[in-house]
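Enquirer: Dumping the structure here so I can ask a few things about it.
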Amino acid sequence: MSFLFGRGGAQQQQQQSSLNLTAAESELDMITDLFNRIVETCYRKCIPAPYQDGELTKGESVCIDRCVSKYFETNAKVGGKMSGGAAGR
Amino acid sequence: MSFLFGRGGAQQQQQQSSLNLTAAESELDMITDLFNRIVETCYRKCIPAPYQDGELTKGESVCIDRCVSKYFETNAKVGGKMSGGAAGR
Amino acid sequence: MSFLFGRGGAQQQQQQSSLNLTAAESELDMITDLFNRIVETCYRKCIPAPYQDGELTKGESVCIDRCVSKYFETNAKVGGKMSGGAAGR
Amino acid sequence: MDLSNLNAVERAQMEQLIEQKQMKDFLRMYAGLVDRCFNDCVNDFTSSKLTSKEETCVTRCTDKFLKHSERVGQRFAEQNAQLQQGGQGR
Amino acid sequence: MDLSNLNAVERAQMEQLIEQKQMKDFLRMYAGLVDRCFNDCVNDFTSSKLTSKEETCVTRCTDKFLKHSERVGQRFAEQNAQLQQGGQGR
Amino acid sequence: MDLSNLNAVERAQMEQLIEQKQMKDFLRMYAGLVDRCFNDCVNDFTSSKLTSKEETCVTRCTDKFLKHSERVGQRFAEQNAQLQQGGQGR
């Protein structure tokens, strides 16, 4: 019987462990997704074809820095509206 | 021995349960995907930047309604061709 | 005790089996993804709207063949640079 | 969507799954909204902070998109109901 | 794709997995096709039903795309076979 | 990202998960890079091999993108650190 009881206790630990991992995994996915979107978007905004060479120009580098900064600001602004204002779903 | 037999029966129930859930989950994913595609497509067709304000204009609202209707019609039309005509894969 | 021992051995087999399947599944996903990207890209490059009819023209067919060939060549070229040159991550 | 062929245990599992998917879909929509409004509104990289013109555009873009999404949801539900009744079923 | 390092049980599981993925990929292609043909063909929102011009365009778009996809499949298989023989592996 | 609420077993599992995701993300980036450079550079279908002009473009595109991605990574890490300190959480 203690075998069954022990398994029940192990199951509860399993579930909590599973929840902790799921939460950490979700967070990792969100950060990765945000990073990938910024790479994609800022490339389109700052580095147009045709490509003169394989280095970043000074102008492109500055644009990238400002683009990342503005994207984070936009991300926070939209997030603020969505938690404060009317839900659209 | 009944333990093993019972587990076999439970396994069969588990598989059927798993199939039912998988089918329901697939259906949910398809509906969600269709909805997201319509939101994306009809926004591009009906609501161009620049944005004069934060409300939908009368014209934009009517466009959205018709866009959703036409998208469903297109979805059915393509589906009909793909089940009836030659497979392309 | 042999029950436990057997389960340990089965677990090891399970893990190796799981790794083999994971590797085969990853390979399948990569090939499928490459195929889908080529279909999408070469359609955009070779078959512009408006559509005169439902058949591929001779010109479109030749374009598709060459597009697939060039895409594979580009895929190899980029792969070569990424394994040989500086990592960007 | 017809859940009537699921028993009570399956229905509870499905409801938990729906809840997880709704959260995932909300995050997906939020990320897409940031991306769209940034792409439509932010084109001036002479500074690293949003200009007031860009801020206004982002605000309007967000409002418009959420209302748009709500309206699509209403029309979508109507279309789906028509399909169910028409017997085209699923 | 080399399945020879899998035993019989694994091969059966892989075949079932391939089948599920093919179904998933078919649905993905179908959804993408509807999206593409709608985007290319439907631009007139003065009515809520497709015009006959739009219907024709959607039909042609679907036919063209399926033939295109078939042709890409043939060229893709040839390229893949060349890579296997060339020993470039994958 | 705060892993301090995970015990030792969970941390090991998380580290393995992060490793798998990094591999998956690397493959995703590689595929996206091929797609982008092909789209930007390859427009001449009078032959089935890349022209030398196209080859040069693909090389430059790849170099530029990888340097771009590296720079975004640096700015991203700084922004993320600011958010942590500001107590805006995540």
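Ligands are numbered from 1 in the order shown, chains are lettered A, B, ... in the order of the structure tokens, and residues start at 1 in each chain.
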Identify every residue of chain A that has at least one atom within 10 Å of any atom of chain D, counting only C-alpha atoms, and report the result as an MDAnalysis selection string.

Expert: chainID A and resid 26 30 33:34 37:38 40:42 44:46 59 62:79 81:82 85:89

Enquirer: Going by DSSP on the backbone, which bits of chain C are alpha helix (DSSP H)? Write them as a PyMOL selection string, please.

Expert: chain C and resi 2-46+58-84

Enquirer: Over every C-alpha pair, in sequence order, do a least-squares fit of chain F onto chain D and save the fitted chain as a PDB file with N, CA and C atoms, in the first residue's frame.

Expert:
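And here is the file that came out, result06.pdb:
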```pdb
ATOM      1  N   MET F   1     -18.221  23.460 -32.611  1.00  0.00           N
ATOM      2  CA  MET F   1     -17.411  22.242 -32.525  1.00  0.00           C
ATOM      3  C   MET F   1     -18.077  21.228 -31.601  1.00  0.00           C
ATOM      4  N   ASP F   2     -18.229  20.029 -32.084  1.00  0.00           N
ATOM      5  CA  ASP F   2     -19.033  19.030 -31.391  1.00  0.00           C
ATOM      6  C   ASP F   2     -18.232  18.218 -30.374  1.00  0.00           C
ATOM      7  N   LEU F   3     -18.471  18.426 -29.100  1.00  0.00           N
ATOM      8  CA  LEU F   3     -17.729  17.690 -28.091  1.00  0.00           C
ATOM      9  C   LEU F   3     -18.539  16.548 -27.498  1.00  0.00           C
ATOM     10  N   SER F   4     -19.701  16.235 -28.135  1.00  0.00           N
ATOM     11  CA  SER F   4     -20.607  15.284 -27.496  1.00  0.00           C
ATOM     12  C   SER F   4     -20.144  13.839 -27.544  1.00  0.00           C
ATOM     13  N   ASN F   5     -19.132  13.541 -28.378  1.00  0.00           N
ATOM     14  CA  ASN F   5     -18.655  12.157 -28.394  1.00  0.00           C
ATOM     15  C   ASN F   5     -17.538  11.923 -27.385  1.00  0.00           C
ATOM     16  N   LEU F   6     -17.277  12.949 -26.539  1.00  0.00           N
ATOM     17  CA  LEU F   6     -16.264  12.782 -25.507  1.00  0.00           C
ATOM     18  C   LEU F   6     -16.938  12.521 -24.172  1.00  0.00           C
ATOM     19  N   ASN F   7     -16.328  11.632 -23.387  1.00  0.00           N
ATOM     20  CA  ASN F   7     -16.908  11.391 -22.061  1.00  0.00           C
ATOM     21  C   ASN F   7     -16.473  12.496 -21.097  1.00  0.00           C
ATOM     22  N   ALA F   8     -16.860  12.359 -19.847  1.00  0.00           N
ATOM     23  CA  ALA F   8     -16.630  13.446 -18.884  1.00  0.00           C
ATOM     24  C   ALA F   8     -15.148  13.742 -18.661  1.00  0.00           C
ATOM     25  N   VAL F   9     -14.343  12.680 -18.571  1.00  0.00           N
ATOM     26  CA  VAL F   9     -12.900  12.874 -18.362  1.00  0.00           C
ATOM     27  C   VAL F   9     -12.295  13.600 -19.560  1.00  0.00           C
ATOM     28  N   GLU F  10     -12.664  13.127 -20.757  1.00  0.00           N
ATOM     29  CA  GLU F  10     -12.118  13.730 -21.968  1.00  0.00           C
ATOM     30  C   GLU F  10     -12.551  15.182 -22.088  1.00  0.00           C
ATOM     31  N   ARG F  11     -13.813  15.462 -21.707  1.00  0.00           N
ATOM     32  CA  ARG F  11     -14.303  16.817 -21.819  1.00  0.00           C
ATOM     33  C   ARG F  11     -13.506  17.764 -20.915  1.00  0.00           C
ATOM     34  N   ALA F  12     -13.198  17.278 -19.715  1.00  0.00           N
ATOM     35  CA  ALA F  12     -12.404  18.093 -18.784  1.00  0.00           C
ATOM     36  C   ALA F  12     -11.015  18.353 -19.355  1.00  0.00           C
ATOM     37  N   GLN F  13     -10.416  17.297 -19.950  1.00  0.00           N
ATOM     38  CA  GLN F  13      -9.094  17.466 -20.552  1.00  0.00           C
ATOM     39  C   GLN F  13      -9.152  18.443 -21.723  1.00  0.00           C
ATOM     40  N   MET F  14     -10.237  18.331 -22.511  1.00  0.00           N
ATOM     41  CA  MET F  14     -10.395  19.217 -23.662  1.00  0.00           C
ATOM     42  C   MET F  14     -10.540  20.663 -23.203  1.00  0.00           C
ATOM     43  N   GLU F  15     -11.298  20.849 -22.112  1.00  0.00           N
ATOM     44  CA  GLU F  15     -11.486  22.215 -21.620  1.00  0.00           C
ATOM     45  C   GLU F  15     -10.167  22.826 -21.147  1.00  0.00           C
ATOM     46  N   GLN F  16      -9.327  21.978 -20.535  1.00  0.00           N
ATOM     47  CA  GLN F  16      -8.026  22.475 -20.119  1.00  0.00           C
ATOM     48  C   GLN F  16      -7.161  22.794 -21.336  1.00  0.00           C
ATOM     49  N   LEU F  17      -7.260  21.958 -22.363  1.00  0.00           N
ATOM     50  CA  LEU F  17      -6.501  22.167 -23.589  1.00  0.00           C
ATOM     51  C   LEU F  17      -6.943  23.459 -24.276  1.00  0.00           C
ATOM     52  N   ILE F  18      -8.267  23.682 -24.331  1.00  0.00           N
ATOM     53  CA  ILE F  18      -8.796  24.893 -24.940  1.00  0.00           C
ATOM     54  C   ILE F  18      -8.271  26.118 -24.202  1.00  0.00           C
ATOM     55  N   GLU F  19      -8.225  26.024 -22.861  1.00  0.00           N
ATOM     56  CA  GLU F  19      -7.719  27.145 -22.058  1.00  0.00           C
ATOM     57  C   GLU F  19      -6.257  27.444 -22.398  1.00  0.00           C
ATOM     58  N   GLN F  20      -5.440  26.375 -22.502  1.00  0.00           N
ATOM     59  CA  GLN F  20      -4.034  26.578 -22.849  1.00  0.00           C
ATOM     60  C   GLN F  20      -3.893  27.185 -24.242  1.00  0.00           C
ATOM     61  N   LYS F  21      -4.714  26.699 -25.175  1.00  0.00           N
ATOM     62  CA  LYS F  21      -4.624  27.205 -26.538  1.00  0.00           C
ATOM     63  C   LYS F  21      -5.077  28.668 -26.620  1.00  0.00           C
ATOM     64  N   GLN F  22      -6.088  29.022 -25.835  1.00  0.00           N
ATOM     65  CA  GLN F  22      -6.547  30.407 -25.837  1.00  0.00           C
ATOM     66  C   GLN F  22      -5.450  31.342 -25.343  1.00  0.00           C
ATOM     67  N   MET F  23      -4.727  30.905 -24.310  1.00  0.00           N
ATOM     68  CA  MET F  23      -3.613  31.716 -23.811  1.00  0.00           C
ATOM     69  C   MET F  23      -2.548  31.840 -24.885  1.00  0.00           C
ATOM     70  N   LYS F  24      -2.228  30.718 -25.523  1.00  0.00           N
ATOM     71  CA  LYS F  24      -1.200  30.722 -26.544  1.00  0.00           C
ATOM     72  C   LYS F  24      -1.618  31.621 -27.718  1.00  0.00           C
ATOM     73  N   ASP F  25      -2.909  31.558 -28.069  1.00  0.00           N
ATOM     74  CA  ASP F  25      -3.408  32.335 -29.191  1.00  0.00           C
ATOM     75  C   ASP F  25      -3.430  33.825 -28.861  1.00  0.00           C
ATOM     76  N   PHE F  26      -3.730  34.144 -27.600  1.00  0.00           N
ATOM     77  CA  PHE F  26      -3.703  35.536 -27.168  1.00  0.00           C
ATOM     78  C   PHE F  26      -2.300  36.103 -27.276  1.00  0.00           C
ATOM     79  N   LEU F  27      -1.294  35.328 -26.853  1.00  0.00           N
ATOM     80  CA  LEU F  27       0.089  35.781 -26.943  1.00  0.00           C
ATOM     81  C   LEU F  27       0.503  35.950 -28.405  1.00  0.00           C
ATOM     82  N   ARG F  28       0.048  35.033 -29.269  1.00  0.00           N
ATOM     83  CA  ARG F  28       0.351  35.100 -30.691  1.00  0.00           C
ATOM     84  C   ARG F  28      -0.238  36.367 -31.286  1.00  0.00           C
ATOM     85  N   MET F  29      -1.498  36.684 -30.913  1.00  0.00           N
ATOM     86  CA  MET F  29      -2.149  37.865 -31.451  1.00  0.00           C
ATOM     87  C   MET F  29      -1.441  39.130 -30.970  1.00  0.00           C
ATOM     88  N   TYR F  30      -1.066  39.140 -29.705  1.00  0.00           N
ATOM     89  CA  TYR F  30      -0.367  40.285 -29.133  1.00  0.00           C
ATOM     90  C   TYR F  30       0.948  40.533 -29.878  1.00  0.00           C
ATOM     91  N   ALA F  31       1.723  39.475 -30.099  1.00  0.00           N
ATOM     92  CA  ALA F  31       2.996  39.621 -30.794  1.00  0.00           C
ATOM     93  C   ALA F  31       2.781  40.107 -32.228  1.00  0.00           C
ATOM     94  N   GLY F  32       1.756  39.577 -32.896  1.00  0.00           N
ATOM     95  CA  GLY F  32       1.453  39.982 -34.261  1.00  0.00           C
ATOM     96  C   GLY F  32       1.009  41.425 -34.342  1.00  0.00           C
ATOM     97  N   LEU F  33       0.285  41.870 -33.309  1.00  0.00           N
ATOM     98  CA  LEU F  33      -0.203  43.240 -33.270  1.00  0.00           C
ATOM     99  C   LEU F  33       0.965  44.221 -33.107  1.00  0.00           C
ATOM    100  N   VAL F  34       1.879  43.917 -32.208  1.00  0.00           N
ATOM    101  CA  VAL F  34       3.074  44.754 -32.039  1.00  0.00           C
ATOM    102  C   VAL F  34       3.810  44.849 -33.371  1.00  0.00           C
ATOM    103  N   ASP F  35       3.977  43.708 -34.031  1.00  0.00           N
ATOM    104  CA  ASP F  35       4.718  43.656 -35.287  1.00  0.00           C
ATOM    105  C   ASP F  35       4.041  44.500 -36.350  1.00  0.00           C
ATOM    106  N   ARG F  36       2.728  44.348 -36.503  1.00  0.00           N
ATOM    107  CA  ARG F  36       1.998  45.069 -37.535  1.00  0.00           C
ATOM    108  C   ARG F  36       2.066  46.579 -37.292  1.00  0.00           C
ATOM    109  N   CYS F  37       1.784  46.980 -36.042  1.00  0.00           N
ATOM    110  CA  CYS F  37       1.749  48.421 -35.763  1.00  0.00           C
ATOM    111  C   CYS F  37       3.145  49.028 -35.864  1.00  0.00           C
ATOM    112  N   PHE F  38       4.164  48.289 -35.476  1.00  0.00           N
ATOM    113  CA  PHE F  38       5.522  48.783 -35.657  1.00  0.00           C
ATOM    114  C   PHE F  38       5.822  48.966 -37.132  1.00  0.00           C
ATOM    115  N   ASN F  39       5.481  47.970 -37.936  1.00  0.00           N
ATOM    116  CA  ASN F  39       5.746  48.045 -39.369  1.00  0.00           C
ATOM    117  C   ASN F  39       4.997  49.188 -40.042  1.00  0.00           C
ATOM    118  N   ASP F  40       3.739  49.409 -39.631  1.00  0.00           N
ATOM    119  CA  ASP F  40       2.933  50.450 -40.255  1.00  0.00           C
ATOM    120  C   ASP F  40       3.316  51.849 -39.786  1.00  0.00           C
ATOM    121  N   CYS F  41       3.747  51.970 -38.535  1.00  0.00           N
ATOM    122  CA  CYS F  41       3.877  53.293 -37.920  1.00  0.00           C
ATOM    123  C   CYS F  41       5.309  53.808 -37.750  1.00  0.00           C
ATOM    124  N   VAL F  42       6.263  52.917 -37.616  1.00  0.00           N
ATOM    125  CA  VAL F  42       7.611  53.362 -37.212  1.00  0.00           C
ATOM    126  C   VAL F  42       8.572  53.294 -38.383  1.00  0.00           C
ATOM    127  N   ASN F  43       8.933  54.477 -38.909  1.00  0.00           N
ATOM    128  CA  ASN F  43       9.844  54.515 -40.055  1.00  0.00           C
ATOM    129  C   ASN F  43      10.940  55.555 -39.906  1.00  0.00           C
ATOM    130  N   ASP F  44      10.947  56.231 -38.745  1.00  0.00           N
ATOM    131  CA  ASP F  44      11.884  57.324 -38.533  1.00  0.00           C
ATOM    132  C   ASP F  44      12.937  56.885 -37.532  1.00  0.00           C
ATOM    133  N   PHE F  45      14.141  56.622 -38.002  1.00  0.00           N
ATOM    134  CA  PHE F  45      15.185  56.122 -37.107  1.00  0.00           C
ATOM    135  C   PHE F  45      16.252  57.167 -36.820  1.00  0.00           C
ATOM    136  N   THR F  46      15.835  58.437 -36.749  1.00  0.00           N
ATOM    137  CA  THR F  46      16.763  59.500 -36.382  1.00  0.00           C
ATOM    138  C   THR F  46      16.882  59.603 -34.859  1.00  0.00           C
ATOM    139  N   SER F  47      16.048  58.849 -34.150  1.00  0.00           N
ATOM    140  CA  SER F  47      16.157  58.833 -32.688  1.00  0.00           C
ATOM    141  C   SER F  47      15.805  57.438 -32.195  1.00  0.00           C
ATOM    142  N   SER F  48      16.109  57.153 -30.924  1.00  0.00           N
ATOM    143  CA  SER F  48      15.841  55.802 -30.417  1.00  0.00           C
ATOM    144  C   SER F  48      14.566  55.742 -29.584  1.00  0.00           C
ATOM    145  N   LYS F  49      13.830  56.852 -29.501  1.00  0.00           N
ATOM    146  CA  LYS F  49      12.535  56.826 -28.819  1.00  0.00           C
ATOM    147  C   LYS F  49      11.440  57.121 -29.858  1.00  0.00           C
ATOM    148  N   LEU F  50      10.256  56.578 -29.619  1.00  0.00           N
ATOM    149  CA  LEU F  50       9.146  56.830 -30.532  1.00  0.00           C
ATOM    150  C   LEU F  50       8.814  58.326 -30.555  1.00  0.00           C
ATOM    151  N   THR F  51       8.573  58.876 -31.774  1.00  0.00           N
ATOM    152  CA  THR F  51       8.119  60.254 -31.870  1.00  0.00           C
ATOM    153  C   THR F  51       6.652  60.294 -31.452  1.00  0.00           C
ATOM    154  N   SER F  52       6.125  61.501 -31.173  1.00  0.00           N
ATOM    155  CA  SER F  52       4.727  61.559 -30.734  1.00  0.00           C
ATOM    156  C   SER F  52       3.799  61.148 -31.868  1.00  0.00           C
ATOM    157  N   LYS F  53       4.189  61.420 -33.116  1.00  0.00           N
ATOM    158  CA  LYS F  53       3.401  60.998 -34.283  1.00  0.00           C
ATOM    159  C   LYS F  53       3.342  59.467 -34.337  1.00  0.00           C
ATOM    160  N   GLU F  54       4.495  58.826 -34.070  1.00  0.00           N
ATOM    161  CA  GLU F  54       4.549  57.363 -34.085  1.00  0.00           C
ATOM    162  C   GLU F  54       3.724  56.778 -32.940  1.00  0.00           C
ATOM    163  N   GLU F  55       3.799  57.430 -31.780  1.00  0.00           N
ATOM    164  CA  GLU F  55       3.031  56.950 -30.629  1.00  0.00           C
ATOM    165  C   GLU F  55       1.537  56.975 -30.930  1.00  0.00           C
ATOM    166  N   THR F  56       1.080  58.097 -31.513  1.00  0.00           N
ATOM    167  CA  THR F  56      -0.340  58.231 -31.859  1.00  0.00           C
ATOM    168  C   THR F  56      -0.753  57.145 -32.837  1.00  0.00           C
ATOM    169  N   CYS F  57       0.101  56.921 -33.852  1.00  0.00           N
ATOM    170  CA  CYS F  57      -0.194  55.908 -34.867  1.00  0.00           C
ATOM    171  C   CYS F  57      -0.313  54.529 -34.233  1.00  0.00           C
ATOM    172  N   VAL F  58       0.611  54.208 -33.321  1.00  0.00           N
ATOM    173  CA  VAL F  58       0.595  52.891 -32.669  1.00  0.00           C
ATOM    174  C   VAL F  58      -0.684  52.705 -31.852  1.00  0.00           C
ATOM    175  N   THR F  59      -1.101  53.782 -31.155  1.00  0.00           N
ATOM    176  CA  THR F  59      -2.327  53.722 -30.354  1.00  0.00           C
ATOM    177  C   THR F  59      -3.537  53.459 -31.236  1.00  0.00           C
ATOM    178  N   ARG F  60      -3.647  54.245 -32.339  1.00  0.00           N
ATOM    179  CA  ARG F  60      -4.782  54.072 -33.249  1.00  0.00           C
ATOM    180  C   ARG F  60      -4.774  52.691 -33.889  1.00  0.00           C
ATOM    181  N   CYS F  61      -3.570  52.247 -34.290  1.00  0.00           N
ATOM    182  CA  CYS F  61      -3.421  50.939 -34.925  1.00  0.00           C
ATOM    183  C   CYS F  61      -3.918  49.845 -33.990  1.00  0.00           C
ATOM    184  N   THR F  62      -3.523  49.922 -32.734  1.00  0.00           N
ATOM    185  CA  THR F  62      -3.927  48.913 -31.752  1.00  0.00           C
ATOM    186  C   THR F  62      -5.445  48.910 -31.570  1.00  0.00           C
ATOM    187  N   ASP F  63      -6.022  50.122 -31.392  1.00  0.00           N
ATOM    188  CA  ASP F  63      -7.473  50.218 -31.215  1.00  0.00           C
ATOM    189  C   ASP F  63      -8.210  49.663 -32.419  1.00  0.00           C
ATOM    190  N   LYS F  64      -7.801  50.100 -33.611  1.00  0.00           N
ATOM    191  CA  LYS F  64      -8.470  49.662 -34.833  1.00  0.00           C
ATOM    192  C   LYS F  64      -8.391  48.146 -34.979  1.00  0.00           C
ATOM    193  N   PHE F  65      -7.198  47.591 -34.712  1.00  0.00           N
ATOM    194  CA  PHE F  65      -7.038  46.149 -34.908  1.00  0.00           C
ATOM    195  C   PHE F  65      -7.908  45.349 -33.949  1.00  0.00           C
ATOM    196  N   LEU F  66      -7.970  45.788 -32.688  1.00  0.00           N
ATOM    197  CA  LEU F  66      -8.768  45.034 -31.710  1.00  0.00           C
ATOM    198  C   LEU F  66     -10.258  45.093 -32.071  1.00  0.00           C
ATOM    199  N   LYS F  67     -10.728  46.257 -32.538  1.00  0.00           N
ATOM    200  CA  LYS F  67     -12.137  46.363 -32.948  1.00  0.00           C
ATOM    201  C   LYS F  67     -12.378  45.512 -34.203  1.00  0.00           C
ATOM    202  N   HIS F  68     -11.419  45.550 -35.108  1.00  0.00           N
ATOM    203  CA  HIS F  68     -11.496  44.729 -36.320  1.00  0.00           C
ATOM    204  C   HIS F  68     -11.604  43.255 -35.948  1.00  0.00           C
ATOM    205  N   SER F  69     -10.729  42.807 -35.068  1.00  0.00           N
ATOM    206  CA  SER F  69     -10.692  41.418 -34.652  1.00  0.00           C
ATOM    207  C   SER F  69     -12.009  40.998 -34.004  1.00  0.00           C
ATOM    208  N   GLU F  70     -12.606  41.909 -33.231  1.00  0.00           N
ATOM    209  CA  GLU F  70     -13.887  41.637 -32.579  1.00  0.00           C
ATOM    210  C   GLU F  70     -14.987  41.473 -33.626  1.00  0.00           C
ATOM    211  N   ARG F  71     -14.999  42.370 -34.616  1.00  0.00           N
ATOM    212  CA  ARG F  71     -16.026  42.301 -35.651  1.00  0.00           C
ATOM    213  C   ARG F  71     -15.880  41.030 -36.490  1.00  0.00           C
ATOM    214  N   VAL F  72     -14.633  40.682 -36.851  1.00  0.00           N
ATOM    215  CA  VAL F  72     -14.417  39.438 -37.591  1.00  0.00           C
ATOM    216  C   VAL F  72     -14.943  38.264 -36.782  1.00  0.00           C
ATOM    217  N   GLY F  73     -14.712  38.289 -35.472  1.00  0.00           N
ATOM    218  CA  GLY F  73     -15.193  37.216 -34.610  1.00  0.00           C
ATOM    219  C   GLY F  73     -16.696  37.043 -34.690  1.00  0.00           C
ATOM    220  N   GLN F  74     -17.412  38.151 -34.723  1.00  0.00           N
ATOM    221  CA  GLN F  74     -18.879  38.084 -34.806  1.00  0.00           C
ATOM    222  C   GLN F  74     -19.318  37.503 -36.148  1.00  0.00           C
ATOM    223  N   ARG F  75     -18.769  38.005 -37.247  1.00  0.00           N
ATOM    224  CA  ARG F  75     -19.124  37.511 -38.580  1.00  0.00           C
ATOM    225  C   ARG F  75     -18.715  36.044 -38.730  1.00  0.00           C
ATOM    226  N   PHE F  76     -17.564  35.691 -38.175  1.00  0.00           N
ATOM    227  CA  PHE F  76     -17.040  34.319 -38.253  1.00  0.00           C
ATOM    228  C   PHE F  76     -17.989  33.349 -37.566  1.00  0.00           C
ATOM    229  N   ALA F  77     -18.472  33.732 -36.393  1.00  0.00           N
ATOM    230  CA  ALA F  77     -19.385  32.862 -35.647  1.00  0.00           C
ATOM    231  C   ALA F  77     -20.682  32.655 -36.436  1.00  0.00           C
ATOM    232  N   GLU F  78     -21.169  33.739 -37.076  1.00  0.00           N
ATOM    233  CA  GLU F  78     -22.390  33.621 -37.893  1.00  0.00           C
ATOM    234  C   GLU F  78     -22.181  32.681 -39.068  1.00  0.00           C
ATOM    235  N   GLN F  79     -21.060  32.850 -39.767  1.00  0.00           N
ATOM    236  CA  GLN F  79     -20.759  31.990 -40.920  1.00  0.00           C
ATOM    237  C   GLN F  79     -20.641  30.530 -40.491  1.00  0.00           C
ATOM    238  N   ASN F  80     -19.984  30.303 -39.383  1.00  0.00           N
ATOM    239  CA  ASN F  80     -19.785  28.945 -38.861  1.00  0.00           C
ATOM    240  C   ASN F  80     -21.110  28.293 -38.521  1.00  0.00           C
ATOM    241  N   ALA F  81     -22.013  29.095 -37.916  1.00  0.00           N
ATOM    242  CA  ALA F  81     -23.334  28.581 -37.561  1.00  0.00           C
ATOM    243  C   ALA F  81     -24.121  28.217 -38.821  1.00  0.00           C
ATOM    244  N   GLN F  82     -24.009  29.063 -39.869  1.00  0.00           N
ATOM    245  CA  GLN F  82     -24.681  28.757 -41.138  1.00  0.00           C
ATOM    246  C   GLN F  82     -24.186  27.435 -41.698  1.00  0.00           C
ATOM    247  N   LEU F  83     -22.869  27.210 -41.622  1.00  0.00           N
ATOM    248  CA  LEU F  83     -22.299  25.966 -42.152  1.00  0.00           C
ATOM    249  C   LEU F  83     -22.842  24.762 -41.394  1.00  0.00           C
ATOM    250  N   GLN F  84     -22.962  24.893 -40.065  1.00  0.00           N
ATOM    251  CA  GLN F  84     -23.474  23.791 -39.260  1.00  0.00           C
ATOM    252  C   GLN F  84     -24.893  23.436 -39.693  1.00  0.00           C
ATOM    253  N   GLN F  85     -25.744  24.490 -39.848  1.00  0.00           N
ATOM    254  CA  GLN F  85     -27.152  24.257 -40.181  1.00  0.00           C
ATOM    255  C   GLN F  85     -27.306  23.707 -41.580  1.00  0.00           C
ATOM    256  N   GLY F  86     -26.519  24.277 -42.522  1.00  0.00           N
ATOM    257  CA  GLY F  86     -26.605  23.834 -43.911  1.00  0.00           C
ATOM    258  C   GLY F  86     -26.218  22.373 -44.077  1.00  0.00           C
ATOM    259  N   GLY F  87     -25.687  21.758 -42.996  1.00  0.00           N
ATOM    260  CA  GLY F  87     -25.292  20.360 -43.087  1.00  0.00           C
ATOM    261  C   GLY F  87     -24.059  20.141 -43.922  1.00  0.00           C
ATOM    262  N   GLN F  88     -23.329  21.278 -44.238  1.00  0.00           N
ATOM    263  CA  GLN F  88     -22.077  21.101 -44.954  1.00  0.00           C
ATOM    264  C   GLN F  88     -21.030  20.570 -43.998  1.00  0.00           C
ATOM    265  N   GLY F  89     -21.450  20.405 -42.725  1.00  0.00           N
ATOM    266  CA  GLY F  89     -20.492  19.926 -41.732  1.00  0.00           C
ATOM    267  C   GLY F  89     -19.381  20.935 -41.566  1.00  0.00           C
ATOM    268  N   ARG F  90     -18.176  20.527 -41.407  1.00  0.00           N
ATOM    269  CA  ARG F  90     -17.081  21.474 -41.152  1.00  0.00           C
ATOM    270  C   ARG F  90     -16.074  21.430 -42.290  1.00  0.00           C
TER     271      ARG F  90
END
```

Enquirer: Looking at only C-alpha atoms, which of B:Glu60, B:Ser83, B:Asp53, B:Val39 is the one that sits closest to chain A?

Expert: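 Answer, going by the shortest atom-to-atom distance: B:Val39.
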